[in-house]
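What follows is the content of coords_15.txt, which has compact mmCIF, C-alpha atoms:
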```txt
# COMPACT_ATOMS: atom_id res chain seq x y z
CA MET A 1 74.79 182.23 -299.78
CA LYS A 2 71.90 179.80 -300.21
CA ARG A 3 68.85 179.95 -297.96
CA LYS A 4 69.65 176.48 -296.57
CA ASP A 5 73.15 177.62 -295.61
CA LEU A 6 71.79 180.71 -293.92
CA PHE A 7 69.42 178.58 -291.83
CA ALA A 8 72.23 176.20 -290.84
CA LEU A 9 74.41 179.13 -289.85
CA LEU A 10 71.62 180.59 -287.75
CA ILE A 11 71.03 177.29 -285.93
CA LEU A 12 74.73 176.90 -285.24
CA TRP A 13 75.00 180.45 -283.96
CA ILE A 14 72.00 180.00 -281.61
CA SER A 15 73.15 176.67 -280.29
CA ALA A 16 76.88 177.20 -280.02
CA GLY A 17 76.27 179.26 -276.95
CA GLY A 18 77.09 182.49 -278.61
CA SER A 19 75.20 185.43 -277.20
CA PRO A 20 74.60 188.75 -278.83
CA ILE A 21 77.09 191.29 -277.60
CA ALA A 22 75.43 193.38 -274.93
CA VAL A 23 76.08 197.05 -275.39
CA ALA A 24 75.74 199.70 -272.71
CA GLN A 25 77.36 203.09 -272.98
CA GLU A 26 80.16 201.98 -275.32
CA ARG A 27 80.83 198.95 -273.17
CA ALA A 28 80.08 195.44 -274.24
CA TRP A 29 80.79 191.83 -273.41
CA ALA A 30 80.54 188.50 -275.15
CA LEU A 31 79.76 185.43 -273.05
CA LYS A 32 80.29 181.89 -274.20
CA PRO A 33 78.48 179.60 -273.62
CA THR A 34 75.20 180.87 -272.21
CA VAL A 35 73.35 177.54 -271.98
CA CYS A 36 74.17 174.75 -269.55
CA VAL A 37 72.80 171.23 -270.03
CA VAL A 38 71.90 168.91 -267.15
CA GLU A 39 70.59 165.38 -267.30
CA ARG A 40 67.43 165.99 -265.34
CA LEU A 41 65.30 168.74 -263.92
CA GLY A 42 66.65 170.58 -260.87
CA GLU A 43 70.25 169.39 -261.07
CA VAL A 44 72.99 171.97 -260.47
CA CYS A 45 74.94 172.81 -263.59
CA GLU A 46 78.62 173.85 -263.55
CA LEU A 47 79.29 176.10 -266.49
CA PRO A 48 82.84 177.19 -267.41
CA LEU A 49 82.13 180.64 -268.73
CA ASN A 50 84.44 182.73 -270.89
CA ILE A 51 83.80 186.45 -270.95
CA GLU A 52 85.37 188.95 -273.30
CA LEU A 53 85.05 192.63 -272.48
CA PHE A 54 85.08 195.53 -274.93
CA GLY A 55 85.31 199.24 -274.13
CA VAL A 56 86.32 201.30 -271.10
CA PHE A 57 85.26 200.07 -267.67
CA PRO A 58 85.39 201.54 -264.14
CA ALA A 59 88.60 201.01 -262.18
CA GLN A 60 86.87 198.36 -260.10
CA ALA A 61 84.05 196.00 -261.01
CA CYS A 62 82.48 192.85 -259.62
CA LEU A 63 80.74 189.92 -261.32
CA PHE A 64 77.43 188.71 -259.87
CA LEU A 65 75.26 185.66 -260.52
CA GLN A 66 71.81 186.81 -259.49
CA SER A 67 72.64 188.56 -256.16
CA THR A 68 75.72 186.43 -255.37
CA GLU A 69 79.12 188.03 -255.85
CA LEU A 70 81.46 185.77 -257.85
CA ALA A 71 84.63 187.88 -258.12
CA CYS A 72 85.96 191.44 -258.17
CA TRP A 73 88.77 192.98 -260.18
CA SER A 74 90.73 196.23 -260.12
CA PRO A 75 91.32 196.84 -262.93
CA ILE A 76 89.07 194.39 -264.70
CA PRO A 77 90.86 192.29 -267.36
CA SER A 78 89.58 192.12 -270.92
CA GLN A 79 89.16 188.33 -270.74
CA ILE A 80 87.68 186.46 -267.81
CA SER A 81 87.20 182.75 -267.20
CA VAL A 82 84.92 181.77 -264.37
CA VAL A 83 82.92 178.70 -263.38
CA VAL A 84 79.32 179.45 -262.44
CA GLU A 85 76.85 177.06 -260.78
CA TYR A 86 73.09 177.35 -261.08
CA ASN A 87 70.04 175.10 -261.25
CA GLU A 88 67.57 177.42 -262.96
CA PRO A 89 67.83 180.25 -265.48
CA ALA A 90 69.90 183.05 -263.97
CA GLU A 91 71.08 186.58 -264.60
CA ILE A 92 74.81 187.31 -264.67
CA SER A 93 75.87 190.93 -264.26
CA LEU A 94 78.91 193.14 -263.96
CA ARG A 95 78.51 195.88 -261.36
CA ASP A 96 80.51 198.94 -260.39
CA PRO A 97 81.62 199.80 -256.80
CA LEU A 98 78.29 201.58 -256.25
CA ASP A 99 76.51 198.31 -257.11
CA LEU A 100 75.13 199.80 -260.29
CA PRO A 101 74.83 197.34 -263.19
CA ILE A 102 77.30 197.89 -266.02
CA LEU A 103 76.34 194.89 -268.14
CA SER A 104 74.06 191.90 -267.69
CA SER A 105 73.10 188.76 -269.61
CA HIS A 106 70.84 185.75 -269.21
CA LEU A 107 72.20 182.26 -268.57
CA ASP A 108 69.83 179.44 -269.49
CA ILE A 109 69.69 175.82 -268.41
CA LYS A 110 68.24 172.84 -270.25
CA ALA A 111 67.46 169.28 -269.18
CA LEU A 112 68.03 166.18 -271.34
CA ILE A 113 65.07 164.38 -269.75
CA PRO A 114 62.00 166.28 -270.93
CA VAL A 115 59.44 167.66 -268.52
CA ARG A 116 55.66 167.79 -268.82
CA ARG A 117 53.75 171.00 -268.30
CA ARG A 118 50.89 170.52 -265.87
CA VAL A 119 47.46 171.20 -267.32
CA ARG A 120 46.30 172.87 -264.11
CA ALA A 121 47.97 175.25 -261.70
CA PRO A 122 49.58 173.68 -258.63
CA TRP A 123 47.34 173.59 -255.56
CA SER A 124 44.28 173.62 -257.82
CA LEU A 125 42.26 171.84 -255.16
CA PHE A 126 41.66 175.15 -253.42
CA MET B 1 81.04 166.18 -277.16
CA SER B 2 82.10 167.88 -280.35
CA LYS B 3 81.07 171.44 -280.98
CA ILE B 4 78.78 170.42 -283.85
CA SER B 5 77.09 167.68 -281.79
CA ARG B 6 76.63 170.12 -278.95
CA ALA B 7 75.28 172.69 -281.36
CA LEU B 8 72.74 170.25 -282.77
CA LEU B 9 71.66 169.11 -279.31
CA LEU B 10 71.17 172.63 -278.05
CA SER B 11 69.40 173.59 -281.27
CA LEU B 12 66.83 170.88 -280.68
CA LEU B 13 66.40 171.97 -277.07
CA ALA B 14 65.98 175.57 -278.12
CA LEU B 15 63.63 174.86 -281.01
CA TYR B 16 61.27 172.54 -279.17
CA GLY B 17 61.46 174.57 -276.02
CA GLN B 18 59.85 171.90 -273.87
CA LEU B 19 62.80 171.39 -271.60
CA SER B 20 63.07 174.79 -270.03
CA LEU B 21 63.40 174.71 -266.28
CA ALA B 22 61.75 178.07 -265.81
CA CYS B 23 58.43 176.42 -265.02
CA GLU B 24 59.96 173.93 -262.61
CA ARG B 25 60.47 176.48 -259.88
CA ASP B 26 56.79 176.86 -259.10
CA GLY B 27 55.79 173.25 -259.77
CA THR B 28 54.04 173.81 -263.09
CA CYS B 29 56.37 171.34 -264.82
CA LEU B 30 56.96 167.76 -263.76
CA GLU B 31 59.20 164.92 -264.79
CA PRO B 32 57.12 162.25 -266.58
CA ARG B 33 56.23 159.03 -264.77
CA GLN B 34 57.25 160.47 -261.41
CA TRP B 35 54.82 161.17 -258.61
CA HIS B 36 54.67 164.74 -257.40
CA ILE B 37 53.36 164.89 -253.86
CA ALA B 38 53.42 168.08 -251.81
CA VAL B 39 51.62 169.39 -248.76
CA ALA B 40 51.22 173.01 -247.73
CA LEU B 41 50.68 173.97 -244.10
CA GLY B 42 49.45 177.41 -243.26
CA ALA B 43 46.51 179.65 -242.54
CA GLY B 44 43.76 180.59 -244.90
CA VAL B 45 40.08 180.75 -245.51
CA ARG B 46 37.52 180.65 -248.31
CA THR B 47 34.37 182.61 -247.74
CA ASN B 48 30.99 180.97 -248.17
CA PRO B 49 28.29 183.05 -249.88
CA LEU B 50 25.40 180.97 -248.52
CA VAL B 51 23.14 182.04 -245.68
CA ASP B 52 24.50 180.35 -242.54
CA GLY B 53 27.33 178.99 -244.66
CA ASP B 54 30.50 178.24 -242.73
CA LEU B 55 33.82 179.76 -243.66
CA ILE B 56 35.96 177.06 -245.20
CA PRO B 57 39.29 176.90 -243.34
CA LEU B 58 42.41 176.21 -245.37
CA VAL B 59 45.08 174.71 -243.14
CA ILE B 60 46.49 171.66 -244.91
CA LEU B 61 46.52 171.72 -248.71
CA PRO B 62 47.59 168.67 -250.71
CA ASP B 63 48.98 168.90 -254.23
CA PHE B 64 49.67 165.69 -256.11
CA ALA B 65 50.10 164.77 -259.74
CA TRP B 66 51.39 162.06 -262.05
CA TYR B 67 51.99 162.59 -265.75
CA GLY B 68 52.74 159.89 -268.31
CA ASP B 69 53.30 160.48 -271.99
CA ALA B 70 49.63 161.37 -272.50
CA PHE B 71 47.66 160.14 -269.49
CA TYR B 72 47.74 162.23 -266.35
CA LEU B 73 46.35 162.57 -262.85
CA ASP B 74 46.37 166.10 -261.44
CA ASN B 75 44.73 166.50 -258.06
CA ASP B 76 41.01 165.78 -258.58
CA GLU B 77 41.33 165.46 -262.36
CA VAL B 78 42.15 162.47 -264.57
CA GLY B 79 42.78 163.13 -268.24
CA TYR B 80 44.40 162.29 -271.53
CA GLN B 81 46.38 164.87 -273.46
CA TRP B 82 45.95 164.61 -277.23
CA LEU B 83 48.13 167.51 -278.24
CA PRO B 84 50.98 168.25 -275.84
CA SER B 85 53.31 170.78 -277.43
CA SER B 86 55.22 173.81 -276.22
CA SER B 87 52.72 176.24 -277.71
CA LEU B 88 49.39 174.37 -277.84
CA ALA B 89 47.77 171.62 -275.81
CA LEU B 90 44.44 169.82 -275.87
CA GLU B 91 43.13 167.33 -273.34
CA THR B 92 39.95 165.52 -272.38
CA PHE B 93 39.37 164.92 -268.70
CA VAL B 94 37.09 163.88 -265.88
CA SER B 95 37.09 165.96 -262.71
CA LEU B 96 35.13 166.68 -259.58
CA ASN B 97 32.74 169.63 -259.78
CA LYS B 98 33.43 171.86 -256.77
CA GLU B 99 30.06 173.61 -256.65
CA ALA B 100 28.96 171.47 -253.68
CA THR B 101 31.87 172.77 -251.58
CA PHE B 102 29.72 175.49 -250.05
CA PHE B 103 27.03 173.07 -248.93
CA GLU B 104 29.04 170.67 -246.84
CA PHE B 105 32.45 169.83 -245.54
CA GLY B 106 33.95 166.66 -246.88
CA HIS B 107 35.27 168.08 -250.13
CA PRO B 108 38.88 167.08 -250.89
CA SER B 109 39.89 170.72 -250.71
CA ASN B 110 39.13 170.86 -247.02
CA PHE B 111 38.62 167.35 -245.68
CA LEU B 112 42.00 167.44 -244.00
CA PHE B 113 41.40 170.74 -242.31
CA GLY B 114 40.39 171.23 -238.74
CA ASP B 115 36.93 172.44 -237.89
CA SER B 116 38.04 175.36 -235.79
CA LEU B 117 36.05 177.70 -237.98
CA ALA B 118 33.07 175.45 -238.40
CA GLY B 119 29.98 177.08 -237.07
CA VAL B 120 31.31 180.58 -237.58
CA SER B 121 28.68 182.34 -239.62
CA MET B 122 29.58 185.02 -242.10
CA ILE B 123 26.44 186.90 -241.38
CA GLY B 124 24.91 188.61 -238.40
CA PRO B 125 21.44 188.05 -237.02
CA GLN B 126 18.85 187.91 -239.75
CA GLU B 127 16.39 190.73 -239.87
CA GLU B 128 12.85 189.70 -239.09
CA GLY B 129 10.91 189.05 -242.25
CA GLU B 130 14.03 188.96 -244.40
CA ARG B 131 13.61 186.70 -247.44
CA THR B 132 16.46 184.30 -246.71
CA VAL B 133 16.80 180.56 -246.41
CA SER B 134 19.50 178.91 -244.33
CA ILE B 135 21.43 176.05 -245.93
CA ASP B 136 20.51 174.08 -242.80
CA GLU B 137 16.89 174.08 -244.01
CA ILE B 138 17.34 172.78 -247.52
CA ALA B 139 17.72 169.36 -249.08
CA LYS B 140 21.16 167.91 -249.57
CA ARG B 141 23.04 169.01 -252.69
CA ARG B 142 25.09 166.16 -254.17
CA TRP B 143 28.59 166.19 -255.61
CA ALA B 144 28.80 166.02 -259.38
CA VAL B 145 31.48 164.68 -261.73
CA ASP B 146 32.28 166.52 -264.95
CA ALA B 147 33.80 165.40 -268.23
CA GLY B 148 35.41 168.06 -270.33
CA LEU B 149 37.68 169.34 -273.01
CA ARG B 150 40.40 171.93 -272.41
CA PHE B 151 42.50 173.86 -274.89
CA HIS B 152 45.71 175.73 -274.00
CA VAL B 153 47.69 178.36 -275.86
CA TYR B 154 51.12 179.03 -274.35
CA ALA B 155 53.33 182.06 -274.85
CA GLN B 156 56.61 182.82 -273.11
CA ASN B 157 55.21 183.90 -269.73
CA SER B 158 51.53 183.50 -270.27
CA GLU B 159 48.85 180.93 -270.95
CA TRP B 160 45.29 181.08 -272.28
CA THR B 161 42.90 178.24 -271.48
CA LEU B 162 39.39 177.42 -272.64
CA ALA B 163 37.60 174.56 -270.92
CA LEU B 164 34.16 173.12 -271.60
CA LYS B 165 32.66 170.74 -269.03
CA THR B 166 29.44 168.80 -268.68
CA ASP B 167 27.98 166.78 -265.84
CA ILE B 168 28.34 163.04 -266.48
CA SER B 169 27.09 161.93 -263.08
CA GLY B 170 23.46 162.83 -263.75
CA VAL B 171 23.33 165.09 -260.70
CA HIS B 172 22.32 168.31 -262.42
CA GLU B 173 23.03 167.63 -266.12
CA GLY B 174 24.44 171.13 -266.48
CA HIS B 175 27.40 172.57 -268.28
CA GLN B 176 30.23 174.98 -267.59
CA ALA B 177 32.65 176.99 -269.73
CA GLU B 178 35.85 178.55 -268.40
CA LEU B 179 38.09 181.09 -270.09
CA GLY B 180 41.31 181.76 -268.23
CA TYR B 181 44.54 183.66 -268.62
CA ARG B 182 47.65 183.25 -266.50
CA TYR B 183 50.70 185.50 -266.49
CA THR B 184 53.79 184.29 -264.66
CA MET B 185 56.48 186.68 -263.42
CA MET B 186 59.89 185.85 -261.99
CA LEU B 187 61.08 188.50 -259.53
CA GLU B 188 64.39 187.49 -257.97
CA GLU B 189 63.49 184.26 -256.16
CA TRP B 190 59.77 184.92 -256.31
CA THR B 191 57.40 183.39 -258.82
CA LEU B 192 54.15 185.33 -259.13
CA ARG B 193 51.09 184.25 -261.12
CA LEU B 194 48.28 186.63 -262.03
CA ALA B 195 45.18 184.90 -263.33
CA PRO B 196 41.95 186.60 -264.42
CA SER B 197 39.16 184.22 -265.41
CA LEU B 198 35.60 184.13 -266.69
CA VAL B 199 33.29 181.20 -265.95
CA TRP B 200 29.86 180.53 -267.43
CA LYS B 201 27.50 178.16 -265.60
CA SER B 202 24.38 176.78 -267.21
CA GLU B 203 20.88 177.11 -265.78
CA SER B 204 20.65 173.40 -264.92
CA LEU B 205 23.84 173.59 -262.87
CA VAL B 206 22.99 176.80 -261.03
CA ASP B 207 19.38 175.83 -260.43
CA TYR B 208 20.30 172.43 -258.99
CA TYR B 209 22.50 174.02 -256.32
CA TYR B 210 20.90 177.42 -255.72
CA GLY B 211 17.28 176.96 -256.79
CA LEU B 212 14.58 176.27 -254.20
CA ASP B 213 11.73 173.92 -255.11
CA ASP B 214 9.76 170.85 -254.03
CA ARG B 215 12.78 169.06 -252.63
CA ASP B 216 13.39 171.83 -250.07
CA ALA B 217 11.27 172.36 -246.97
CA VAL B 218 10.66 176.05 -247.57
CA ALA B 219 7.53 178.15 -247.88
CA PRO B 220 6.18 178.46 -251.44
CA SER B 221 6.95 182.18 -251.38
CA LEU B 222 10.64 181.37 -250.98
CA ARG B 223 10.88 179.11 -253.98
CA TYR B 224 13.41 180.26 -256.51
CA GLU B 225 14.44 179.26 -260.00
CA ALA B 226 18.09 180.09 -260.58
CA SER B 227 19.46 181.02 -263.98
CA SER B 228 22.70 180.80 -265.92
CA GLY B 229 25.36 183.48 -265.82
CA TRP B 230 28.95 184.64 -266.07
CA GLN B 231 31.27 184.81 -263.08
CA PRO B 232 34.49 186.85 -263.45
CA GLY B 233 37.36 186.14 -261.10
CA PHE B 234 40.93 187.11 -260.38
CA SER B 235 43.68 185.41 -258.43
CA ILE B 236 47.26 186.19 -257.49
CA ALA B 237 49.56 183.46 -256.25
CA GLY B 238 53.20 183.61 -255.26
CA SER B 239 55.90 181.23 -254.16
CA LYS B 240 59.52 181.44 -253.10
CA PRO B 241 61.89 178.53 -252.42
CA LEU B 242 62.98 178.34 -248.78
CA SER B 243 65.18 175.27 -249.26
CA GLU B 244 65.43 172.34 -251.65
CA ASP B 245 62.17 170.85 -250.36
CA TRP B 246 60.34 173.78 -248.76
CA LEU B 247 58.51 176.58 -250.50
CA PHE B 248 56.82 179.69 -249.16
CA LEU B 249 53.38 180.00 -250.71
CA PHE B 250 50.51 182.48 -250.79
CA LYS B 251 47.33 182.91 -252.78
CA ALA B 252 44.51 185.42 -252.86
CA ALA B 253 41.48 185.10 -255.11
CA VAL B 254 38.12 186.72 -255.63
CA THR B 255 35.10 185.65 -257.68
CA LYS B 256 32.03 187.76 -258.49
CA LEU B 257 28.86 185.67 -258.52
CA HIS B 258 26.15 186.33 -261.07
CA SER B 259 22.68 187.63 -260.22
CA GLY B 260 20.93 184.42 -261.33
CA MET B 261 22.64 182.81 -258.37
CA THR B 262 22.85 185.65 -255.85
CA ASN B 263 19.13 186.43 -256.11
CA SER B 264 18.47 183.07 -254.51
CA PRO B 265 17.18 183.36 -250.92
CA MET B 266 19.93 180.99 -249.81
CA VAL B 267 22.73 183.24 -251.14
CA GLU B 268 23.65 186.31 -249.14
CA SER B 269 26.93 187.47 -250.70
CA ASP B 270 27.84 188.44 -254.25
CA TRP B 271 31.49 187.51 -253.76
CA VAL B 272 33.70 184.57 -252.83
CA HIS B 273 37.14 185.40 -251.42
CA THR B 274 40.03 183.01 -250.88
CA ALA B 275 43.28 183.69 -249.03
CA PHE B 276 46.09 181.41 -247.95
CA VAL B 277 49.64 181.88 -246.61
CA GLY B 278 51.85 178.98 -245.70
CA ALA B 279 54.83 176.75 -246.38
CA ALA B 280 54.79 173.76 -248.71
CA TYR B 281 56.89 170.62 -248.50
CA THR B 282 57.55 168.48 -251.58
CA PHE B 283 58.20 164.79 -250.88
```

Take the structure I supplied and represent it as structure tokens, if you would.
Amino acid sequence: MKRKDLFALLILWISAGGSPIAVAQERAWALKPTVCVVERLGEVCELPLNIELFGVFPAQACLFLQSTELACWSPIPSQISVVVEYNEPAEISLRDPLDLPILSSHLDIKALIPVRRRVRAPWSLF
Amino acid sequence: MSKISRALLLSLLALYGQLSLACERDGTCLEPRQWHIAVALGAGVRTNPLVDGDLIPLVILPDFAWYGDAFYLDNDEVGYQWLPSSSLALETFVSLNKEATFFEFGHPSNFLFGDSLAGVSMIGPQEEGERTVSIDEIAKRRWAVDAGLRFHVYAQNSEWTLALKTDISGVHEGHQAELGYRYTMMLEEWTLRLAPSLVWKSESLVDYYYGLDDRDAVAPSLRYEASSGWQPGFSIAGSKPLSEDWLFLFKAAVTKLHSGMTNSPMVESDWVHTAFVGAAYTF
């Protein structure tokens, strides 16, 4: 495979919302997509998320976005579709009945209207 | 949107990295050509190292900014950014020099605050014969305006800055150099910023404010020629959203003053401390 093709493949893989499969004690999941696009800064994004699970999981598990519980299953299916809403980068995690994390991944958010980084810290007057 | 179009769009967003919302939470990123106006209400104070210097109360804190494609206004600073990228930035600017803050109220950082702490002295009764000069006995120190150049290097959660400033108002004709580092942490809903800094102030600057000479009505034995020096500092600031418009905010900072300044008879403390806790509203 040519170098140009490799680069194109890499860009497509990064941008298609594919995430590396997270592995923890022979358990893994693949989330797609992991980036939500909004028009402008601060808007809430609704992301239809497809999750594929691999390995053996506890009899009961719950899905969390940050500290908010989204759903629980007993037993947990190998494929999950869920709509998540967030307005800033967030952590999605699968937790067991003891609230211990089984798997977690990062969900990003991007805005179409670019933002400017301030040259000074907020409240720089004091 | 087709998968390939979406892939290309997200690739550009990922590669240029300027559209991340991570910095929006604490107000370090703004939408261009939109005014950002916020006011924090709370309780805080900045200590005054001068003999008979009043504590500076921090009750109402404004924060306002407007950024165009290159031109910007950010609180007391107006500038033009020549190199705005996600990893490097360079700007030239004009800003108010805050050295005069200790000498009088009326500075933008505290003009809105009440005077409930005015008149409260940081020091106790002066010992008889002590070689000190009250700021009430000296000539007025004027505000200065600086022009400068600032360079930024950004990493994922951190930022290095180097700023060089010079007095363009002819008040003291001194210079200042600032090296700063800022590390930003996201802990649940909290945004925390740790910022060590190192500031160098030239002899002209320090001597104008802290030297004692012909302009001051003091005995010849109390005259003092201040010298340049380095001032290390450290600040920690945190914020947490309370609602869409309200933000909980705190800041604590400390600066060590250099001996060329603190040996002046009008300076009685080697340190400046700042603390503030409050809630901020963004309009």

**Message:** Taking only C-alpha atoms into account, name the residue in B:Leu249, B:Ala147, B:Leu83, B:Ile138 that is nearest to Leu192 (chain B).
**Reply:** B:Leu249

Which polymer residues, protein or nucleic acid, are no farther than 10 Å from (40.4, 175.5, -268.6), counting only C-alpha atoms, as a compact mmCIF listing (two decimals) with C-alpha atoms, in the coordinates of the input?
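point.txt was written with the following content:
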```
# COMPACT_ATOMS: atom_id res chain seq x y z
CA VAL A 119 47.46 171.20 -267.32
CA ARG A 120 46.30 172.87 -264.11
CA GLU B 91 43.13 167.33 -273.34
CA GLY B 148 35.41 168.06 -270.33
CA LEU B 149 37.68 169.34 -273.01
CA ARG B 150 40.40 171.93 -272.41
CA PHE B 151 42.50 173.86 -274.89
CA HIS B 152 45.71 175.73 -274.00
CA TRP B 160 45.29 181.08 -272.28
CA THR B 161 42.90 178.24 -271.48
CA LEU B 162 39.39 177.42 -272.64
CA ALA B 163 37.60 174.56 -270.92
CA LEU B 164 34.16 173.12 -271.60
CA LYS B 165 32.66 170.74 -269.03
CA ALA B 177 32.65 176.99 -269.73
CA GLU B 178 35.85 178.55 -268.40
CA LEU B 179 38.09 181.09 -270.09
CA GLY B 180 41.31 181.76 -268.23
CA TYR B 181 44.54 183.66 -268.62
CA SER B 197 39.16 184.22 -265.41
CA VAL B 199 33.29 181.20 -265.95
```

**Item:** Residues within 9 Å of (21.8, 181.9, -250.2), counting only C-alpha atoms, listed as a ChimeraX atom specification
**Value:** /B:49-53,132-135,210,261-269

**Asked** Pick from B:Thr255, B:Thr28, B:Asn48, B:Ser85: nearest to chain A, with all atoms listed in the file counted?
**Response** B:Thr28

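If you measure from each of B:Ala43, B:Ala38, B:Gln156, B:Ser87 to Ala65 (chain B) using all atoms listed in the file, the closest one turns out to be B:Ala38.
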
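The smallest atom-to-atom distance between chain B and any of A:Gln60, A:Thr34, A:Ser78, A:Ser105, using only C-alpha atoms, is found for A:Thr34.
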
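Take CA of Ala275 (chain B) and CA of Ala195 (chain B): the distance between them is 14.5 Å.
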
**Item:** Point-to-point distance in Å for CA of Leu103 (chain A) and CA of Ala61 (chain A)
**Value:** 10.6 Å

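Between CA of Tyr183 (chain B) and CA of Tyr86 (chain A) the interatomic distance comes to 24.4 Å.
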
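For the choices A:Ala28, A:Cys36, A:Leu63, A:Val115, the atom-to-atom distance to chain B is smallest for A:Val115 when using all atoms listed in the file.
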
**Message:** So that I can see what lies close to Ile109 (chain A), please list as a PyMOL selection string the residues with an atom at most 8 Å from it, counting all atoms listed in the file and leaving out residues fewer than 4 positions away in the same chain.
**Reply:** (chain A and resi 35-38+45+87-89) or (chain B and resi 20-21)

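If you measure from each of B:Glu31, B:Asp54, B:Glu173, B:Asp270 to Gln231 (chain B) using only C-alpha atoms, the closest one turns out to be B:Asp270.
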